[in-house]
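**Student:** See input-v1.cif below, with mmCIF, C-alpha atoms.
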```cif
data_model
#
loop_
_atom_site.label_atom_id
_atom_site.label_comp_id
_atom_site.auth_asym_id
_atom_site.auth_seq_id
_atom_site.Cartn_x
_atom_site.Cartn_y
_atom_site.Cartn_z
CA MET A 1 -6.95 6.36 -9.59
CA ILE A 2 -6.32 8.23 -6.34
CA SER A 3 -10.06 8.48 -5.67
CA THR A 4 -10.42 4.68 -6.08
CA LEU A 5 -7.62 4.13 -3.58
CA LEU A 6 -9.05 6.71 -1.22
CA LYS A 7 -12.53 5.17 -1.28
CA ARG A 8 -11.10 1.79 -0.41
CA GLU A 9 -9.08 3.20 2.48
CA LEU A 10 -12.12 4.88 3.96
CA LYS A 11 -14.26 1.77 3.54
CA VAL A 12 -11.69 -0.43 5.27
CA ALA A 13 -11.32 2.14 8.04
CA ARG A 14 -15.06 2.34 8.60
CA ARG A 15 -15.23 -1.41 9.19
CA ASN A 16 -12.21 -1.22 11.46
CA TRP A 17 -13.11 1.89 13.45
CA ILE A 18 -12.02 0.63 16.86
CA GLY A 19 -8.38 0.72 15.79
CA LEU A 20 -8.81 4.38 14.89
CA ALA A 21 -10.76 5.28 18.02
CA ILE A 22 -7.94 4.19 20.35
CA PRO A 23 -5.47 7.02 19.49
CA LEU A 24 -8.31 9.54 19.78
CA LEU A 25 -9.37 8.20 23.13
CA PHE A 26 -5.75 8.37 24.22
CA PHE A 27 -5.63 12.04 23.20
CA ILE A 28 -8.70 12.88 25.26
CA ILE A 29 -7.62 10.84 28.29
CA VAL A 30 -4.09 12.28 28.48
CA VAL A 31 -5.32 15.88 28.37
CA SER A 32 -8.23 15.32 30.73
CA LEU A 33 -5.94 13.86 33.40
CA PHE A 34 -3.92 17.05 33.72
CA PRO A 35 -6.47 19.03 35.74
CA PHE A 36 -6.48 16.15 38.23
CA ALA A 37 -2.74 15.76 38.40
CA VAL A 38 -1.52 19.35 38.32
CA SER A 39 -4.16 21.66 39.70
CA PRO A 40 -7.68 22.57 38.71
CA GLU A 41 -6.81 26.29 38.95
CA ALA A 42 -7.62 28.01 35.70
CA PRO A 43 -4.52 30.26 35.31
CA MET A 44 -2.19 27.30 35.85
CA LEU A 45 -4.03 25.06 33.38
CA GLN A 46 -4.20 27.83 30.84
CA LYS A 47 -0.43 28.24 30.98
CA LEU A 48 0.07 24.51 30.40
CA ALA A 49 -2.67 24.14 27.77
CA PRO A 50 -0.72 24.68 24.51
CA GLY A 51 2.08 22.31 25.46
CA VAL A 52 -0.14 19.61 26.90
CA ILE A 53 -2.60 19.56 24.02
CA TRP A 54 0.14 19.59 21.42
CA VAL A 55 2.19 16.85 23.09
CA ALA A 56 -0.93 14.70 23.44
CA ALA A 57 -1.80 15.27 19.78
CA LEU A 58 1.72 14.33 18.70
CA LEU A 59 1.71 11.13 20.77
CA SER A 60 -1.71 10.22 19.47
CA MET A 61 -0.48 10.62 15.89
CA LEU A 62 2.54 8.49 16.70
CA LEU A 63 0.27 5.80 18.12
CA SER A 64 -1.86 5.68 15.00
CA LEU A 65 1.15 5.38 12.68
CA GLU A 66 1.32 1.68 13.45
CA GLN A 67 -1.67 1.00 11.21
CA PHE A 68 -0.39 3.07 8.31
CA TYR A 69 0.87 0.62 5.67
CA ARG A 70 1.11 -2.40 7.96
CA SER A 71 -2.01 -4.37 7.11
CA ASP A 72 -1.59 -3.77 3.36
CA PHE A 73 1.98 -4.97 3.62
CA GLN A 74 1.01 -8.11 5.50
CA ASP A 75 -1.85 -9.25 3.30
CA GLY A 76 0.10 -8.56 0.10
CA SER A 77 -2.19 -5.87 -1.26
CA LEU A 78 0.58 -3.27 -1.08
CA GLU A 79 2.44 -5.26 -3.75
CA GLN A 80 -0.62 -5.23 -5.98
CA LEU A 81 -1.13 -1.50 -5.45
CA LEU A 82 2.48 -0.80 -6.42
CA LEU A 83 2.11 -2.95 -9.54
CA MET A 84 -1.09 -1.28 -10.64
CA SER A 85 -0.48 2.36 -9.81
CA SER A 86 2.47 4.63 -9.18
CA PRO A 87 4.14 4.51 -5.74
CA THR A 88 3.62 8.23 -5.24
CA SER A 89 -0.13 8.03 -5.81
CA VAL A 90 -0.34 5.08 -3.40
CA ALA A 91 1.48 7.20 -0.80
CA ILE A 92 -0.66 10.29 -1.45
CA SER A 93 -3.94 8.46 -1.07
CA LYS A 94 -2.75 6.60 2.03
CA ILE A 95 -1.50 9.79 3.67
CA PHE A 96 -4.62 11.75 2.86
CA ALA A 97 -6.92 9.01 4.13
CA HIS A 98 -4.80 8.61 7.23
CA TRP A 99 -4.97 12.31 8.01
CA LEU A 100 -8.74 12.38 7.47
CA LEU A 101 -9.12 9.53 9.94
CA THR A 102 -6.58 10.51 12.60
CA GLY A 103 -5.51 14.15 12.20
CA LEU A 104 -8.82 15.78 11.38
CA PRO A 105 -10.64 14.22 14.37
CA LEU A 106 -7.92 15.70 16.61
CA VAL A 107 -8.57 19.15 15.15
CA ILE A 108 -12.30 18.71 15.66
CA LEU A 109 -11.92 17.50 19.24
CA SER A 110 -9.43 20.16 20.25
CA PRO A 111 -12.02 22.83 21.28
CA LEU A 112 -13.35 20.38 23.84
CA LEU A 113 -9.89 19.90 25.28
CA GLY A 114 -9.24 23.65 25.12
CA LEU A 115 -12.32 24.07 27.28
CA LEU A 116 -11.02 21.45 29.71
CA MET A 117 -7.70 23.26 29.96
CA GLN A 118 -9.43 26.65 30.49
CA ILE A 119 -7.79 28.07 27.39
CA ASN A 120 -10.07 31.11 27.22
CA TYR A 121 -9.91 31.98 30.94
CA GLY A 122 -9.70 35.70 31.61
CA PHE A 123 -10.22 36.71 27.97
CA GLU A 124 -13.63 37.95 27.03
CA HIS A 125 -13.14 39.10 23.48
CA ILE A 126 -10.36 36.90 22.15
CA ASN A 127 -11.07 33.29 21.30
CA HIS A 128 -7.94 31.16 21.53
CA THR A 129 -9.78 28.00 20.48
CA TRP A 130 -9.55 29.05 16.85
CA VAL A 131 -5.81 29.56 17.11
CA LEU A 132 -5.44 26.12 18.65
CA MET A 133 -7.50 24.53 15.88
CA LEU A 134 -5.64 26.41 13.19
CA SER A 135 -2.25 25.36 14.54
CA LEU A 136 -3.36 21.71 14.67
CA MET A 137 -4.91 22.00 11.22
CA LEU A 138 -1.54 23.07 9.79
CA GLY A 139 0.59 20.85 12.02
CA THR A 140 -1.10 17.44 11.98
CA PRO A 141 -0.84 16.91 8.19
CA THR A 142 2.91 17.51 8.49
CA LEU A 143 3.09 14.89 11.25
CA CYS A 144 1.17 12.47 9.00
CA LEU A 145 3.46 13.09 6.02
CA LEU A 146 6.65 12.63 8.04
CA GLY A 147 5.22 9.55 9.74
CA ALA A 148 4.43 8.01 6.36
CA VAL A 149 8.06 8.27 5.31
CA GLY A 150 9.20 6.65 8.56
CA MET A 151 6.65 3.86 8.31
CA SER A 152 7.44 3.01 4.71
CA LEU A 153 11.17 2.90 5.44
CA THR A 154 10.76 0.44 8.29
CA LEU A 155 7.96 -1.77 6.92
CA ALA A 156 10.16 -4.77 6.32
CA ALA A 157 11.59 -4.65 9.86
CA ASN A 158 9.72 -6.58 12.53
CA ARG A 159 8.31 -4.65 15.46
CA ASN A 160 8.87 -1.42 13.63
CA GLY A 161 6.76 0.74 15.95
CA LEU A 162 9.65 1.55 18.27
CA LEU A 163 12.06 2.11 15.41
CA VAL A 164 9.69 4.55 13.74
CA SER A 165 9.27 6.50 16.97
CA ILE A 166 13.02 6.90 17.33
CA LEU A 167 13.41 7.89 13.69
CA ILE A 168 10.51 10.26 13.52
CA ILE A 169 10.39 12.10 16.87
CA PRO A 170 13.38 14.36 16.06
CA LEU A 171 11.53 15.43 12.91
CA TYR A 172 8.34 16.02 14.88
CA VAL A 173 10.03 18.36 17.35
CA PRO A 174 10.12 21.50 15.14
CA VAL A 175 6.43 21.09 14.39
CA LEU A 176 5.74 20.70 18.09
CA ILE A 177 7.76 23.80 18.95
CA PHE A 178 6.03 26.06 16.47
CA GLY A 179 2.61 24.51 17.01
CA ALA A 180 2.65 25.01 20.75
CA SER A 181 4.28 28.45 20.54
CA THR A 182 1.55 29.67 18.17
CA VAL A 183 -1.00 29.08 20.90
CA THR A 184 1.28 30.44 23.63
CA ALA A 185 1.83 33.64 21.66
CA SER A 186 -1.90 34.05 21.29
CA LEU A 187 -2.39 33.53 25.04
CA GLU A 188 0.17 36.23 25.73
CA SER A 189 -1.67 38.56 23.34
CA LEU A 190 1.28 38.58 20.95
CA ARG A 191 1.17 38.26 17.19
CA TYR A 192 1.29 34.63 16.11
CA ASN A 193 1.30 35.03 12.32
CA GLY A 194 5.00 34.19 12.12
CA GLU A 195 4.59 30.86 13.90
CA LEU A 196 1.60 29.95 11.75
CA ALA A 197 3.54 30.87 8.61
CA ILE A 198 6.38 28.57 9.64
CA LEU A 199 3.93 25.73 10.33
CA GLY A 200 2.51 26.36 6.87
CA ALA A 201 6.00 26.30 5.36
CA PHE A 202 6.75 22.96 7.05
CA LEU A 203 3.53 21.61 5.59
CA MET A 204 4.35 22.82 2.08
CA ILE A 205 7.82 21.28 2.15
CA ALA A 206 6.43 18.01 3.49
CA ILE A 207 3.66 17.89 0.87
CA VAL A 208 6.17 18.27 -1.91
CA PHE A 209 8.76 15.76 -0.74
CA ALA A 210 7.13 13.25 1.61
CA PRO A 211 4.76 11.41 -0.78
CA PHE A 212 7.58 10.92 -3.25
CA ALA A 213 10.02 9.77 -0.55
CA SER A 214 7.44 7.48 0.98
CA GLY A 215 6.61 5.97 -2.41
CA ARG A 216 10.25 5.22 -3.18
CA ALA A 217 10.72 3.72 0.28
CA LEU A 218 7.66 1.51 -0.23
CA LYS A 219 9.19 0.09 -3.41
CA ILE A 220 12.37 -0.73 -1.53
CA SER A 221 10.52 -2.28 1.42
CA VAL A 222 8.42 -4.50 -0.85
CA GLY A 223 11.34 -5.60 -3.05
CA MET B 1 32.63 -4.71 -33.09
CA PRO B 2 29.55 -4.10 -30.91
CA SER B 3 30.24 -4.45 -27.25
CA LEU B 4 28.10 -6.70 -25.09
CA SER B 5 26.31 -3.80 -23.47
CA SER B 6 25.16 -2.38 -26.78
CA MET B 7 23.70 -5.78 -27.60
CA SER B 8 21.22 -5.32 -24.79
CA GLN B 9 19.91 -2.01 -26.16
CA SER B 10 16.18 -2.21 -26.65
CA GLN B 11 16.31 -1.87 -30.45
CA ASP B 12 18.26 -5.11 -30.67
CA ILE B 13 15.65 -7.14 -28.83
CA GLN B 14 13.85 -9.28 -31.37
CA PHE B 15 11.51 -11.14 -29.07
CA ASP B 16 7.83 -10.48 -28.52
CA GLY B 17 6.35 -11.30 -25.17
CA LEU B 18 8.44 -11.24 -22.04
CA TYR B 19 12.18 -11.54 -22.43
CA ALA B 20 14.72 -11.50 -19.62
CA HIS B 21 18.31 -10.91 -20.67
CA GLU B 22 21.37 -11.86 -18.58
CA LEU B 23 19.35 -11.81 -15.41
CA THR B 24 21.23 -12.04 -12.12
CA VAL B 25 19.17 -12.25 -8.96
CA SER B 26 20.35 -12.62 -5.40
CA ARG B 27 18.66 -12.53 -2.04
CA SER B 28 20.64 -11.74 1.10
CA GLU B 29 24.00 -12.50 -0.54
CA ASN B 30 22.71 -15.79 -1.96
CA VAL B 31 23.04 -15.78 -5.73
CA LEU B 32 19.89 -17.47 -7.02
CA LEU B 33 20.29 -16.87 -10.74
CA GLU B 34 23.27 -15.84 -12.76
CA ASP B 35 23.11 -14.55 -16.34
CA ALA B 36 19.82 -16.30 -16.94
CA GLU B 37 17.95 -15.95 -20.22
CA LEU B 38 14.23 -16.46 -20.29
CA HIS B 39 11.78 -15.94 -23.11
CA LEU B 40 8.04 -16.23 -22.64
CA ALA B 41 6.54 -15.92 -26.11
CA PRO B 42 2.91 -14.91 -26.77
CA ALA B 43 0.46 -17.82 -26.68
CA THR B 44 2.66 -20.08 -24.58
CA ILE B 45 2.34 -21.59 -21.14
CA THR B 46 5.53 -21.92 -19.15
CA TYR B 47 5.89 -24.16 -16.13
CA LEU B 48 8.50 -23.02 -13.64
CA TYR B 49 9.69 -25.81 -11.38
CA GLY B 50 12.27 -26.27 -8.69
CA GLU B 51 12.61 -27.27 -5.06
CA ASN B 52 11.65 -25.01 -2.18
CA GLY B 53 14.04 -22.13 -1.68
CA THR B 54 15.62 -22.26 -5.12
CA GLY B 55 14.29 -18.84 -6.02
CA LYS B 56 11.16 -19.46 -8.08
CA THR B 57 9.26 -16.75 -6.26
CA SER B 58 12.22 -14.35 -6.42
CA LEU B 59 12.44 -14.90 -10.17
CA MET B 60 8.72 -14.22 -10.52
CA ARG B 61 8.92 -11.09 -8.41
CA CYS B 62 11.83 -9.97 -10.55
CA LEU B 63 9.80 -10.49 -13.70
CA THR B 64 6.99 -8.37 -12.24
CA GLY B 65 9.41 -5.55 -11.47
CA LEU B 66 8.76 -5.75 -7.72
CA LEU B 67 12.25 -7.05 -7.04
CA GLN B 68 15.14 -5.22 -8.62
CA PRO B 69 17.55 -7.67 -10.28
CA ASP B 70 21.25 -7.22 -9.53
CA ASP B 71 21.96 -7.24 -13.20
CA GLY B 72 20.23 -7.78 -16.50
CA LYS B 73 17.17 -6.36 -18.18
CA ILE B 74 13.62 -7.43 -18.72
CA TYR B 75 11.69 -6.52 -21.86
CA TRP B 76 8.00 -6.63 -22.66
CA ASN B 77 7.28 -6.59 -26.40
CA LYS B 78 10.82 -5.29 -27.06
CA LYS B 79 10.59 -2.42 -24.56
CA PRO B 80 12.11 -2.42 -21.06
CA ILE B 81 9.30 -3.17 -18.62
CA ASN B 82 9.77 0.12 -16.78
CA HIS B 83 9.50 2.08 -20.00
CA PRO B 84 6.17 3.94 -20.02
CA GLU B 85 5.44 2.81 -23.58
CA SER B 86 5.78 -0.88 -22.77
CA GLY B 87 2.41 -0.85 -20.97
CA TYR B 88 3.64 -3.87 -19.05
CA PHE B 89 1.90 -3.14 -15.79
CA GLN B 90 -1.41 -2.64 -17.57
CA ASP B 91 -1.00 -6.05 -19.19
CA LEU B 92 0.20 -7.97 -16.16
CA ILE B 93 -1.73 -9.88 -13.53
CA PHE B 94 0.51 -11.27 -10.82
CA LEU B 95 -1.07 -13.58 -8.29
CA ALA B 96 1.29 -14.10 -5.40
CA HIS B 97 1.17 -16.47 -2.45
CA SER B 98 -0.44 -13.82 -0.33
CA LEU B 99 -3.93 -13.30 -1.66
CA SER B 100 -3.86 -9.48 -1.51
CA MET B 101 -7.47 -9.18 -0.40
CA LYS B 102 -8.73 -7.09 2.50
CA ASN B 103 -10.48 -8.97 5.30
CA GLU B 104 -12.62 -5.92 6.01
CA LEU B 105 -14.16 -5.82 2.54
CA THR B 106 -16.72 -8.12 0.95
CA ILE B 107 -15.76 -10.38 -1.93
CA ALA B 108 -17.47 -8.14 -4.46
CA GLU B 109 -15.82 -5.01 -3.01
CA ASN B 110 -12.37 -6.60 -3.17
CA LEU B 111 -12.80 -7.69 -6.77
CA THR B 112 -14.40 -4.41 -7.82
CA PHE B 113 -11.52 -2.45 -6.34
CA TYR B 114 -8.90 -4.26 -8.41
CA ALA B 115 -10.99 -4.07 -11.59
CA GLN B 116 -11.49 -0.33 -11.05
CA LEU B 117 -7.82 0.23 -10.38
CA ARG B 118 -6.90 -1.52 -13.61
CA CYS B 119 -9.52 0.01 -15.88
CA GLY B 120 -9.54 3.52 -14.43
CA GLY B 121 -12.84 5.22 -15.13
CA SER B 122 -13.69 3.13 -18.19
CA TYR B 123 -15.82 0.39 -16.75
CA ASN B 124 -19.49 -0.24 -16.38
CA ASN B 125 -20.33 -1.02 -12.78
CA LYS B 126 -23.49 -2.97 -13.58
CA GLU B 127 -21.67 -5.19 -16.05
CA LEU B 128 -18.80 -5.65 -13.64
CA GLN B 129 -21.12 -6.81 -10.84
CA ALA B 130 -22.83 -9.22 -13.25
CA ASP B 131 -19.42 -10.56 -14.31
CA ILE B 132 -18.39 -11.02 -10.69
CA SER B 133 -21.55 -13.04 -9.95
CA GLN B 134 -20.96 -15.16 -13.04
CA VAL B 135 -17.32 -15.92 -12.23
CA LEU B 136 -18.09 -16.73 -8.61
CA THR B 137 -20.86 -19.09 -9.75
CA ASP B 138 -18.43 -20.80 -12.13
CA LEU B 139 -16.04 -21.23 -9.25
CA GLY B 140 -18.72 -22.79 -7.06
CA ILE B 141 -18.95 -19.90 -4.62
CA GLY B 142 -21.90 -18.12 -6.23
CA GLY B 143 -24.10 -16.01 -3.99
CA LEU B 144 -21.29 -15.16 -1.57
CA GLU B 145 -20.54 -11.75 -3.11
CA GLY B 146 -21.73 -9.88 -0.04
CA ARG B 147 -19.76 -11.96 2.47
CA MET B 148 -16.70 -10.56 4.18
CA PHE B 149 -13.49 -11.99 2.81
CA ALA B 150 -12.39 -13.04 6.31
CA GLU B 151 -15.44 -15.31 6.70
CA LEU B 152 -14.43 -17.65 3.86
CA SER B 153 -12.44 -20.87 4.10
CA ALA B 154 -8.88 -20.96 2.80
CA GLY B 155 -9.92 -22.70 -0.40
CA GLN B 156 -12.74 -20.25 -1.02
CA GLN B 157 -10.40 -17.30 -0.42
CA HIS B 158 -8.03 -18.73 -2.98
CA LYS B 159 -10.88 -18.99 -5.49
CA VAL B 160 -11.70 -15.31 -4.98
CA ALA B 161 -8.11 -14.39 -5.83
CA LEU B 162 -8.35 -16.51 -8.99
CA ALA B 163 -11.54 -14.72 -10.00
CA ARG B 164 -9.41 -11.65 -10.71
CA LEU B 165 -7.99 -13.41 -13.76
CA MET B 166 -11.44 -13.41 -15.35
CA LEU B 167 -12.38 -9.86 -14.39
CA GLU B 168 -9.35 -7.86 -15.45
CA PRO B 169 -8.15 -7.62 -19.03
CA ALA B 170 -4.52 -8.70 -19.32
CA LYS B 171 -1.95 -10.14 -21.71
CA ILE B 172 0.34 -11.88 -19.24
CA TRP B 173 -0.39 -13.93 -16.15
CA ILE B 174 2.31 -14.67 -13.62
CA LEU B 175 0.89 -17.12 -11.09
CA ASP B 176 2.70 -18.34 -8.00
CA GLU B 177 1.34 -21.78 -7.06
CA PRO B 178 -2.14 -21.22 -8.48
CA PHE B 179 -3.19 -24.86 -8.12
CA VAL B 180 -2.45 -25.23 -4.43
CA ASN B 181 -5.50 -25.63 -2.13
CA LEU B 182 -7.87 -26.21 -5.04
CA ASP B 183 -10.37 -29.03 -5.44
CA GLN B 184 -10.40 -31.22 -8.56
CA LYS B 185 -13.20 -29.26 -10.23
CA THR B 186 -11.55 -25.87 -9.77
CA ARG B 187 -8.21 -27.21 -11.02
CA GLY B 188 -10.00 -28.24 -14.19
CA TRP B 189 -11.63 -24.83 -14.41
CA LEU B 190 -8.34 -23.00 -14.00
CA ALA B 191 -6.59 -25.22 -16.54
CA ALA B 192 -9.39 -24.66 -19.07
CA LYS B 193 -9.31 -20.88 -18.53
CA THR B 194 -5.53 -20.84 -18.85
CA LEU B 195 -5.75 -22.64 -22.19
CA GLU B 196 -8.43 -20.20 -23.32
CA PHE B 197 -6.16 -17.30 -22.35
CA LYS B 198 -3.31 -18.89 -24.28
CA ALA B 199 -5.53 -19.26 -27.35
CA GLN B 200 -6.11 -15.51 -27.24
CA GLY B 201 -2.37 -14.92 -27.39
CA GLY B 202 -1.76 -14.63 -23.65
CA VAL B 203 1.53 -15.37 -21.92
CA VAL B 204 1.37 -17.60 -18.84
CA LEU B 205 4.06 -18.38 -16.29
CA PHE B 206 3.15 -20.54 -13.30
CA THR B 207 4.82 -22.56 -10.59
CA SER B 208 3.62 -25.78 -9.05
CA HIS B 209 5.02 -28.57 -6.95
CA HIS B 210 3.03 -31.21 -8.77
CA HIS B 211 2.61 -31.94 -12.38
CA ILE B 212 -0.78 -30.65 -13.51
CA ASP B 213 -2.29 -33.30 -15.77
CA GLU B 214 -5.06 -31.03 -17.04
CA LEU B 215 -2.67 -28.38 -18.34
CA PRO B 216 -0.32 -29.16 -21.25
CA VAL B 217 2.66 -26.80 -21.06
CA ASP B 218 4.79 -25.45 -23.92
CA GLN B 219 7.93 -24.78 -21.99
CA LYS B 220 9.45 -26.02 -18.75
CA VAL B 221 11.97 -23.96 -16.89
CA GLY B 222 13.84 -25.34 -13.91
CA VAL B 223 15.50 -23.38 -11.14
CA GLU B 224 18.11 -25.50 -9.38
CA HIS B 225 20.85 -25.16 -6.86
CA GLU B 226 24.34 -25.58 -8.22
#
```
Let's see the structure in the file written out as structure tokens.
**Tutor:**
Amino acid sequence: MISTLLKRELKVARRNWIGLAIPLLFFIIVVSLFPFAVSPEAPMLQKLAPGVIWVAALLSMLLSLEQFYRSDFQDGSLEQLLLMSSPTSVAISKIFAHWLLTGLPLVILSPLLGLLMQINYGFEHINHTWVLMLSLMLGTPTLCLLGAVGMSLTLAANRNGLLVSILIIPLYVPVLIFGASTVTASLESLRYNGELAILGAFLMIAIVFAPFASGRALKISVG
Amino acid sequence: MPSLSSMSQSQDIQFDGLYAHELTVSRSENVLLEDAELHLAPATITYLYGENGTGKTSLMRCLTGLLQPDDGKIYWNKKPINHPESGYFQDLIFLAHSLSMKNELTIAENLTFYAQLRCGGSYNNKELQADISQVLTDLGIGGLEGRMFAELSAGQQHKVALARLMLEPAKIWILDEPFVNLDQKTRGWLAAKTLEFKAQGGVVLFTSHHHIDELPVDQKVGVEHE
């Protein structure tokens, strides 16, 4: 059942790729403007890199939330999905598809932006790009899961984009803190296992609770 | 002396089909129904009528389990509809006002998705595609399987939604205004298929603003303001 839902999500997304490209483009543009605005000096950019890349990734995820359940809610197919399968499996397949289409591309693009922000400057043997990718790999699914809960709670409200941002940003902050500090620790040649472990713990907690919470909230929004 | 609440225990329900007991439904503090009883027996067609805004759609959504009633219980073959053993959601097709089709998918993809979701893995894709072609031909939109849903006219889109009734096995149809937007020929087709479904023991509940001459009904239920 989940694979049927997932296939449909991906097919719809493929035909509607421009909507998904915009948050990605936003991610690239925001980060690439920093060398122009701040200073093209490598040490300076390197110091800013973790924060800038992580903030841009978070905002890009927030931007893409708008298309989470919205179109299914408007054309009535969300109702049919809830009638024909369990709310939790609807939420799981939506979240997974959404991460594949918005979170994973961020992870894949991040080495390019790391290069732009001179993340490896002055280090010959240590590659910080992997740390950056790893932190995003663990962090972006959590952002997706939390965003799904926010979106499903506010579906019935008009213009819910702003409302979701206000609701969700406080929950995003811990992920941002540990995500960016993982990379910072690596840049300072410190151990970053602890930060990664906490990011992983956030993800585990979110995986367990968020699909269930989002499913329940969908039922309420539709009713 | 059994109290009233014990009367509504599932073992006391004697009715097959869909049975709503002491149903109270309200929307935004407006009480639409109070202590309503409704029984849709197998092999019957029920016509739900009432003016705009009286709560026909809310009642239907309640009967599908999408809207939680304030009070009362709904049973399918003597089991509460949310009970896993009732199998209600397997048996139900609910066609709402919104057509529930994705603009980004073709007609065949939309219909295949719903059929797959209902049948799980147990379907034969080749047969399903043949069935889809057949139903679309019957509806007068044959050959359009590969067209995007968004490219169709409103009437054609409505026909695609109706095609689901023929493609998914079910025991109860709940149809919100199925005859709206349809040409004479398709109205006849839908009426004939509804009677066929009834003959197989199906339960049908539909709303309409006009009397449908082609479709003799067994039961009329009115929703009215006080």
**Student:** Applied to the shown file, which residues does the PyMOL selection byres ((chain B) within 7 of (chain A)) return, written as a list in words?
**Tutor:**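 Against this file, the PyMOL selection byres ((chain B) within 7 of (chain A)) returns the residues Leu66, Leu67, Gln68, Phe89, Ser98, Leu99, Ser100, Met101, Glu104, Leu105, Leu117, Arg118 and Gly120 of chain B.
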**Student:** Which residue is closest to Leu65 (chain A)? Choose from A:Gly200, A:Gly194, A:Gly215, A:Gly103 and count all atoms listed in the file.
**Tutor:**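 When distances to Leu65 (chain A) are compared using all atoms listed in the file, the smallest one comes from A:Gly103.
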**Student:** Which residues are close to Pro42 (chain B), i.e. within 6 Å by only C-alpha atoms, leaving aside same-chain residues fewer than 5 positions away? Reply as a list of chain:residue names.
**Tutor:** B:Gly17, B:Gly201, B:Gly202, B:Val203
**Student:** Counting all atoms listed in the file, give me one row per residue of region 70-115 of chain B with an atom at most 12 Å from an atom of region 25-35 of chain B, showing the shortest contact pair and its distance in Å to one decimal, sorted by chain then residue number, as CSV.
**Tutor:**
```
residue,atom,partner,partner_atom,distance
B:Asp70,CA,B:Val25,CA,5.5
B:Asp71,CA,B:Val25,CA,7.1
B:Gly72,CA,B:Asp35,CA,7.4
B:Lys73,CA,B:Asp35,CA,10.3
```
**Student:** On this structure, the PyMOL selection byres ((chain B and resi 209) around 10) would catch which residues? List them as a list of chain:residue names, sorted by chain and number.
**Tutor:** B:Leu48, B:Tyr49, B:Gly50, B:Glu51, B:Asn52, B:Glu177, B:Phe179, B:Val180, B:Thr207, B:Ser208, B:His210, B:His211, B:Ile212
**Student:** Please list as a PyMOL selection string every residue within 6 Å of region 47-59 of chain A, counting all atoms listed in the file and excluding residues in the same chain fewer than 2 positions away.
**Tutor:** chain A and resi 27+44-45+61-62+117+180+183
**Student:** Could you tell me how far CA of Thr112 (chain B) lies from CA of Ala217 (chain A), in Å and to one decimal?
**Tutor:**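 Going from CA of Thr112 (chain B) over to CA of Ala217 (chain A) covers 27.6 Å.
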**Student:** So which residues get picked by the PyMOL selection byres ((chain A and resi 64) around 9) here, written as a PDB file with C-alpha atoms, in the frame of the given file?
**Tutor:**
```
ATOM      1  CA  GLY A  19      -8.380   0.720  15.790  1.00  0.00           C
ATOM      2  CA  LEU A  20      -8.810   4.380  14.890  1.00  0.00           C
ATOM      3  CA  ILE A  22      -7.940   4.190  20.350  1.00  0.00           C
ATOM      4  CA  PRO A  23      -5.470   7.020  19.490  1.00  0.00           C
ATOM      5  CA  LEU A  24      -8.310   9.540  19.780  1.00  0.00           C
ATOM      6  CA  LEU A  59       1.710  11.130  20.770  1.00  0.00           C
ATOM      7  CA  SER A  60      -1.710  10.220  19.470  1.00  0.00           C
ATOM      8  CA  MET A  61      -0.480  10.620  15.890  1.00  0.00           C
ATOM      9  CA  LEU A  62       2.540   8.490  16.700  1.00  0.00           C
ATOM     10  CA  LEU A  63       0.270   5.800  18.120  1.00  0.00           C
ATOM     11  CA  LEU A  65       1.150   5.380  12.680  1.00  0.00           C
ATOM     12  CA  GLU A  66       1.320   1.680  13.450  1.00  0.00           C
ATOM     13  CA  GLN A  67      -1.670   1.000  11.210  1.00  0.00           C
ATOM     14  CA  PHE A  68      -0.390   3.070   8.310  1.00  0.00           C
ATOM     15  CA  HIS A  98      -4.800   8.610   7.230  1.00  0.00           C
ATOM     16  CA  THR A 102      -6.580  10.510  12.600  1.00  0.00           C
TER      17      THR A 102
END
```
**Student:** Would you list the contacts of Phe94 (chain B) as a list in words, taking every protein, DNA or RNA residue within 9 Å and counting only C-alpha atoms, but skipping same-chain residues closer than 2 positions in sequence?
**Tutor:**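 Residues near the query, excluding close chain neighbours: Gln80 and Leu83 of chain A; Met60, Arg61, Thr64, Leu92, Ala96, Ile172, Trp173, Ile174, Leu175 and Asp176 of chain B.
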**Student:** For a test of reading the model, state the distance in Å between CA of Thr184 (chain A) and CA of Leu100 (chain A), rounded to one decimal.
**Tutor:**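 These atoms are spaced 26.2 Å apart.
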**Student:** Calculated over all atoms listed in the file, which of the candidates B:Gly146, B:Pro84, B:Asn125, B:Ile74 has the smallest distance to Glu109 (chain B)?
**Tutor:**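 Ranked by minimum distance to Glu109 (chain B), first place goes to B:Gly146.
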**Student:** Can you tell me how far CA of Glu168 (chain B) sits from CA of Gln90 (chain B), in Å to one decimal?
**Tutor:**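 Pair CA of Glu168 (chain B) / CA of Gln90 (chain B) returns 9.7 Å.
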**Student:** Here is a test: counting only C-alpha atoms, which residue of A:Ser135, A:Thr142, A:Ser86, A:Ser214 is nearest to Asn193 (chain A)?
**Tutor:**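 Once distances to Asn193 (chain A) are computed over only C-alpha atoms, the minimum belongs to A:Ser135.
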**Student:** Set the distance at 8 Å and use all atoms listed in the file: which residues neighbour region 32-36 of chain A once local chain neighbours fewer than 2 positions away are removed? I'd like the list as a list in words.
**Tutor:**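 So, after excluding close chain neighbours, the residues are Ile28, Ile29, Val30, Val38, Ser39, Pro40, Glu41, Leu45, Leu113, Leu116 and Met117 of chain A.
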**Student:** When you look at His158 (chain B) with a cut-off of 9 Å (counting all atoms listed in the file), what residues show up, excluding the ones that are within fewer than 3 positions of it in the same chain? I need them as an NGL selection string.
**Tutor:** :B and (99 or 153-155 or 161-163 or 178 or 180-182)
